[in-house]
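Data first, discussion second: the structure below is written as structure tokens.
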Amino acid sequence: MKFEADTHAHTIASGHAYSTIREMAAAGAKKGLTALALTEHAPKMPGTCQMYYFQNLDVVPREMCGIQMLFGAELNIMGPDGTLDLPEKVCRDLDIVIASIHPPCYGFEHTVEENTQAYIEVMKKPYVNIIGHPDDGRFPVNYEAVVKAAKETGTLLELNNSSLRPQSFRQGTRENSIAILELCKRYEVPVTTGSDAHVDVDAGNFGNIEEILQYCSFPEELVVTTDFEKLKPYLNLYRAK
């Protein structure tokens, strides 16, 4: 597959990443991307930027180095009730919104049922476009329920290239990604691809994702990032405000 878009990447604004906006844009262009999303960690992640960063993103050009730039947030899911760490009004004005579970914000004490509920409650929020790295086995979920909820709500489930690295701190990501893909095939649920790059050389890096898509014989028509036009309907930028 040829990938045109990367829907998950970070800059120095996230605190534990290492490249600037323009460095990420240049790297994405070099990889042949049509679009690159910079989705900084939302305020409850230790060391990241604060709310006013996201409120001021309208000043940043949406085209750099010849590619479409998307500016948004990777929100932190704070608990099983689906609470997030940016207000709805701020999120609706972002180009793209990911919601993810991260240990510093969510903890490790929740059950499978609670983790599943957290994702489903988040997917009910129309301004959330993507569930980030649902493959993380440290937070076990009922994948069938999650995939069905994604179909019902029109939320994209993410294949995360960083999760699939051999040295990833997330657990069981290959097995969980395969389970997600098999269910997405069964229920015809589209997925997105995110490098989760925290440095410019990783922007648009989908090597681990490509391998697992091939392993699962996953249909290209269900991978929205192979054509930017397929991705657009899922983005806040292209939806009516």
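Lettering and numbering for the structure tokens are positional, with chains as A, B, ... in the shown order, residues counted from 1 in each chain, and ligands counted from 1 in the shown order.
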*May I have the residues within 12 Å of region 147-155 of chain A as JSON, numbers by chain, using only C-alpha atoms and disregarding those fewer than 2 positions away in the same chain?*
{"A": [96, 97, 98, 99, 116, 117, 118, 119, 120, 121, 122, 123, 124, 125, 126, 127, 128, 129, 130, 131, 132, 134, 141, 142, 143, 144, 145, 157, 158, 177, 179, 180, 181, 182, 183, 184, 185, 186, 187, 188, 189, 190, 191, 192, 222, 224, 231, 233, 234, 235, 236]}
*Would you mind listing what lies within 6 Å of Ile67 (chain A) as a ChimeraX atom specification, with only C-alpha atoms counted and same-chain residues fewer than 4 positions away left out?*
/A:34-35,63
*Which one of A:Met78, A:Leu156, A:Val199, A:Met69 sits closest to Thr20 (chain A) if you count only C-alpha atoms?*
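Nearest to Thr20 (chain A): A:Val199.
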*Contacts of Pro46 (chain A) at 10 Å (only C-alpha atoms; same-chain gap of 2+ positions) as a list in words*: Ser14, Gly15, His16, His41, Ala42, Pro43, Lys44, Thr48, Cys49, Pro104 and Cys105 of chain A
Just want the 12 Å neighbourhood of region 30-32 of chain A, counted on only C-alpha atoms, with same-chain residues fewer than 3 positions away dropped. Output as an mmCIF file with all heavy atoms, in the first residue's frame.
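Below you can see selection_29.cif, which holds the result:
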data_model
loop_
_atom_site.group_PDB
_atom_site.id
_atom_site.type_symbol
_atom_site.label_atom_id
_atom_site.label_comp_id
_atom_site.auth_asym_id
_atom_site.auth_seq_id
_atom_site.Cartn_x
_atom_site.Cartn_y
_atom_site.Cartn_z
ATOM 1 N N LYS A 2 0.353 2.296 -0.621
ATOM 2 C CA LYS A 2 1.009 3.598 -0.556
ATOM 3 C C LYS A 2 0.186 4.479 0.378
ATOM 4 O O LYS A 2 -1.013 4.648 0.192
ATOM 5 C CB LYS A 2 1.088 4.238 -1.949
ATOM 6 C CG LYS A 2 1.791 5.576 -1.948
ATOM 7 C CD LYS A 2 1.804 6.190 -3.350
ATOM 8 C CE LYS A 2 2.606 7.493 -3.355
ATOM 9 N NZ LYS A 2 2.012 8.515 -2.465
ATOM 10 N N PHE A 3 0.834 5.033 1.370
ATOM 11 C CA PHE A 3 0.147 5.843 2.364
ATOM 12 C C PHE A 3 0.327 7.321 2.046
ATOM 13 O O PHE A 3 1.443 7.793 1.835
ATOM 14 C CB PHE A 3 0.682 5.545 3.760
ATOM 15 C CG PHE A 3 0.496 4.117 4.185
ATOM 16 C CD1 PHE A 3 1.513 3.187 3.992
ATOM 17 C CD2 PHE A 3 -0.697 3.706 4.740
ATOM 18 C CE1 PHE A 3 1.349 1.871 4.371
ATOM 19 C CE2 PHE A 3 -0.878 2.382 5.123
ATOM 20 C CZ PHE A 3 0.145 1.465 4.934
ATOM 21 N N GLU A 4 -0.774 8.054 2.044
ATOM 22 C CA GLU A 4 -0.720 9.482 1.755
ATOM 23 C C GLU A 4 -0.743 10.337 3.011
ATOM 24 O O GLU A 4 -0.359 11.510 2.962
ATOM 25 C CB GLU A 4 -1.897 9.893 0.851
ATOM 26 C CG GLU A 4 -1.807 9.363 -0.560
ATOM 27 C CD GLU A 4 -2.797 10.022 -1.497
ATOM 28 O OE1 GLU A 4 -3.579 10.901 -1.040
ATOM 29 O OE2 GLU A 4 -2.792 9.672 -2.693
ATOM 30 N N ALA A 5 -1.235 9.803 4.121
ATOM 31 C CA ALA A 5 -1.411 10.618 5.317
ATOM 32 C C ALA A 5 -0.902 9.892 6.560
ATOM 33 O O ALA A 5 -0.991 8.672 6.672
ATOM 34 C CB ALA A 5 -2.882 10.981 5.503
ATOM 35 N N ASP A 6 -0.387 10.682 7.479
ATOM 36 C CA ASP A 6 0.016 10.224 8.805
ATOM 37 C C ASP A 6 -0.838 11.006 9.793
ATOM 38 O O ASP A 6 -0.742 12.234 9.867
ATOM 39 C CB ASP A 6 1.508 10.520 9.013
ATOM 40 C CG ASP A 6 2.050 10.022 10.349
ATOM 41 O OD1 ASP A 6 1.249 9.694 11.238
ATOM 42 O OD2 ASP A 6 3.289 10.000 10.498
ATOM 43 N N GLU A 23 10.399 21.038 10.889
ATOM 44 C CA GLU A 23 11.208 19.827 10.704
ATOM 45 C C GLU A 23 10.305 18.618 10.429
ATOM 46 O O GLU A 23 10.630 17.781 9.571
ATOM 47 C CB GLU A 23 12.058 19.574 11.952
ATOM 48 C CG GLU A 23 13.220 20.542 12.083
ATOM 49 C CD GLU A 23 13.903 20.484 13.441
ATOM 50 O OE1 GLU A 23 13.301 19.947 14.400
ATOM 51 O OE2 GLU A 23 15.041 20.987 13.538
ATOM 52 N N MET A 24 9.199 18.547 11.119
ATOM 53 C CA MET A 24 8.263 17.441 10.880
ATOM 54 C C MET A 24 7.630 17.552 9.494
ATOM 55 O O MET A 24 7.483 16.541 8.781
ATOM 56 C CB MET A 24 7.180 17.432 11.952
ATOM 57 C CG MET A 24 7.692 17.117 13.354
ATOM 58 S SD MET A 24 8.392 15.462 13.527
ATOM 59 C CE MET A 24 6.906 14.466 13.491
ATOM 60 N N ALA A 25 7.268 18.769 9.098
ATOM 61 C CA ALA A 25 6.682 18.965 7.771
ATOM 62 C C ALA A 25 7.665 18.561 6.677
ATOM 63 O O ALA A 25 7.300 17.878 5.706
ATOM 64 C CB ALA A 25 6.266 20.421 7.593
ATOM 65 N N ALA A 26 8.917 18.977 6.814
ATOM 66 C CA ALA A 26 9.936 18.641 5.811
ATOM 67 C C ALA A 26 10.145 17.134 5.731
ATOM 68 O O ALA A 26 10.292 16.565 4.639
ATOM 69 C CB ALA A 26 11.250 19.348 6.147
ATOM 70 N N ALA A 27 10.146 16.471 6.881
ATOM 71 C CA ALA A 27 10.331 15.024 6.890
ATOM 72 C C ALA A 27 9.147 14.314 6.252
ATOM 73 O O ALA A 27 9.314 13.346 5.502
ATOM 74 C CB ALA A 27 10.524 14.539 8.330
ATOM 75 N N ALA A 35 -0.452 14.548 3.486
ATOM 76 C CA ALA A 35 -0.926 15.214 4.695
ATOM 77 C C ALA A 35 -0.237 14.635 5.925
ATOM 78 O O ALA A 35 0.015 13.424 6.008
ATOM 79 C CB ALA A 35 -2.432 15.068 4.830
ATOM 80 N N LEU A 36 0.041 15.517 6.884
ATOM 81 C CA LEU A 36 0.652 15.122 8.155
ATOM 82 C C LEU A 36 -0.088 15.815 9.290
ATOM 83 O O LEU A 36 -0.262 17.037 9.275
ATOM 84 C CB LEU A 36 2.132 15.513 8.190
ATOM 85 C CG LEU A 36 2.850 15.348 9.530
ATOM 86 C CD1 LEU A 36 2.922 13.876 9.922
ATOM 87 C CD2 LEU A 36 4.259 15.954 9.464
ATOM 88 N N MET A 64 2.712 23.411 4.372
ATOM 89 C CA MET A 64 4.155 23.589 4.557
ATOM 90 C C MET A 64 4.877 22.546 3.724
ATOM 91 O O MET A 64 4.432 21.392 3.658
ATOM 92 C CB MET A 64 4.562 23.427 6.028
ATOM 93 C CG MET A 64 4.068 24.492 6.961
ATOM 94 S SD MET A 64 4.736 24.250 8.628
ATOM 95 C CE MET A 64 3.813 25.477 9.535
ATOM 96 N N CYS A 65 5.951 22.948 3.105
ATOM 97 C CA CYS A 65 6.773 22.019 2.324
ATOM 98 C C CYS A 65 5.950 21.272 1.282
ATOM 99 O O CYS A 65 6.257 20.136 0.919
ATOM 100 C CB CYS A 65 7.500 21.027 3.235
ATOM 101 S SG CYS A 65 8.526 21.810 4.498
ATOM 102 N N GLY A 66 4.858 21.900 0.834
ATOM 103 C CA GLY A 66 4.050 21.318 -0.217
ATOM 104 C C GLY A 66 3.060 20.274 0.246
ATOM 105 O O GLY A 66 2.436 19.603 -0.593
ATOM 106 N N ILE A 67 2.882 20.102 1.565
ATOM 107 C CA ILE A 67 1.913 19.121 2.047
ATOM 108 C C ILE A 67 0.886 19.790 2.962
ATOM 109 O O ILE A 67 1.127 20.849 3.535
ATOM 110 C CB ILE A 67 2.580 17.932 2.782
ATOM 111 C CG1 ILE A 67 3.257 18.387 4.089
ATOM 112 C CG2 ILE A 67 3.569 17.230 1.883
ATOM 113 C CD1 ILE A 67 3.769 17.215 4.923
ATOM 114 N N GLN A 68 -0.278 19.144 3.080
ATOM 115 C CA GLN A 68 -1.344 19.608 3.961
ATOM 116 C C GLN A 68 -0.970 19.290 5.408
ATOM 117 O O GLN A 68 -0.657 18.152 5.753
ATOM 118 C CB GLN A 68 -2.650 18.891 3.621
ATOM 119 C CG GLN A 68 -3.777 19.119 4.605
ATOM 120 C CD GLN A 68 -4.468 20.452 4.424
ATOM 121 O OE1 GLN A 68 -4.889 20.775 3.326
ATOM 122 N NE2 GLN A 68 -4.593 21.206 5.505
ATOM 123 N N ASP A 200 11.608 13.756 13.823
ATOM 124 C CA ASP A 200 11.273 13.942 12.411
ATOM 125 C C ASP A 200 11.546 12.725 11.531
ATOM 126 O O ASP A 200 10.792 12.456 10.598
ATOM 127 C CB ASP A 200 11.979 15.180 11.841
ATOM 128 C CG ASP A 200 13.485 15.163 11.988
ATOM 129 O OD1 ASP A 200 14.028 14.239 12.631
ATOM 130 O OD2 ASP A 200 14.133 16.098 11.468
ATOM 131 N N VAL A 201 12.573 11.957 11.825
ATOM 132 C CA VAL A 201 12.893 10.817 10.958
ATOM 133 C C VAL A 201 11.802 9.751 10.969
ATOM 134 O O VAL A 201 11.752 8.899 10.074
ATOM 135 C CB VAL A 201 14.250 10.178 11.340
ATOM 136 C CG1 VAL A 201 15.381 11.154 11.098
ATOM 137 C CG2 VAL A 201 14.246 9.701 12.790
ATOM 138 N N ASP A 202 10.913 9.789 11.955
ATOM 139 C CA ASP A 202 9.839 8.798 12.044
ATOM 140 C C ASP A 202 8.537 9.272 11.410
ATOM 141 O O ASP A 202 7.586 8.480 11.317
ATOM 142 C CB ASP A 202 9.572 8.432 13.509
ATOM 143 C CG ASP A 202 10.252 7.143 13.913
ATOM 144 O OD1 ASP A 202 10.667 6.380 13.023
ATOM 145 O OD2 ASP A 202 10.376 6.892 15.120
ATOM 146 N N ALA A 203 8.448 10.512 10.995
ATOM 147 C CA ALA A 203 7.216 10.996 10.359
ATOM 148 C C ALA A 203 6.929 10.165 9.111
ATOM 149 O O ALA A 203 7.806 9.960 8.271
ATOM 150 C CB ALA A 203 7.349 12.467 9.993
ATOM 151 N N GLY A 204 5.712 9.669 8.993
ATOM 152 C CA GLY A 204 5.353 8.861 7.833
ATOM 153 C C GLY A 204 5.976 7.481 7.811
ATOM 154 O O GLY A 204 5.957 6.802 6.780
ATOM 155 N N ASN A 205 6.499 7.028 8.940
ATOM 156 C CA ASN A 205 7.093 5.695 9.021
ATOM 157 C C ASN A 205 6.002 4.684 9.352
ATOM 158 O O ASN A 205 5.457 4.676 10.454
ATOM 159 C CB ASN A 205 8.182 5.674 10.099
ATOM 160 C CG ASN A 205 8.828 4.301 10.239
ATOM 161 O OD1 ASN A 205 8.565 3.384 9.462
ATOM 162 N ND2 ASN A 205 9.687 4.150 11.224
ATOM 163 N N PHE A 206 5.692 3.824 8.402
ATOM 164 C CA PHE A 206 4.635 2.832 8.580
ATOM 165 C C PHE A 206 5.149 1.410 8.345
ATOM 166 O O PHE A 206 4.375 0.511 8.033
ATOM 167 C CB PHE A 206 3.476 3.108 7.614
ATOM 168 C CG PHE A 206 2.839 4.453 7.793
ATOM 169 C CD1 PHE A 206 2.680 5.307 6.717
ATOM 170 C CD2 PHE A 206 2.397 4.869 9.034
ATOM 171 C CE1 PHE A 206 2.081 6.546 6.869
ATOM 172 C CE2 PHE A 206 1.803 6.112 9.210
ATOM 173 C CZ PHE A 206 1.640 6.949 8.125
ATOM 174 N N THR A 226 -4.625 5.690 2.789
ATOM 175 C CA THR A 226 -4.053 5.416 1.470
ATOM 176 C C THR A 226 -4.534 6.422 0.430
ATOM 177 O O THR A 226 -4.033 6.440 -0.690
ATOM 178 C CB THR A 226 -4.404 3.989 1.000
ATOM 179 O OG1 THR A 226 -5.829 3.841 0.967
ATOM 180 C CG2 THR A 226 -3.790 2.952 1.932
#
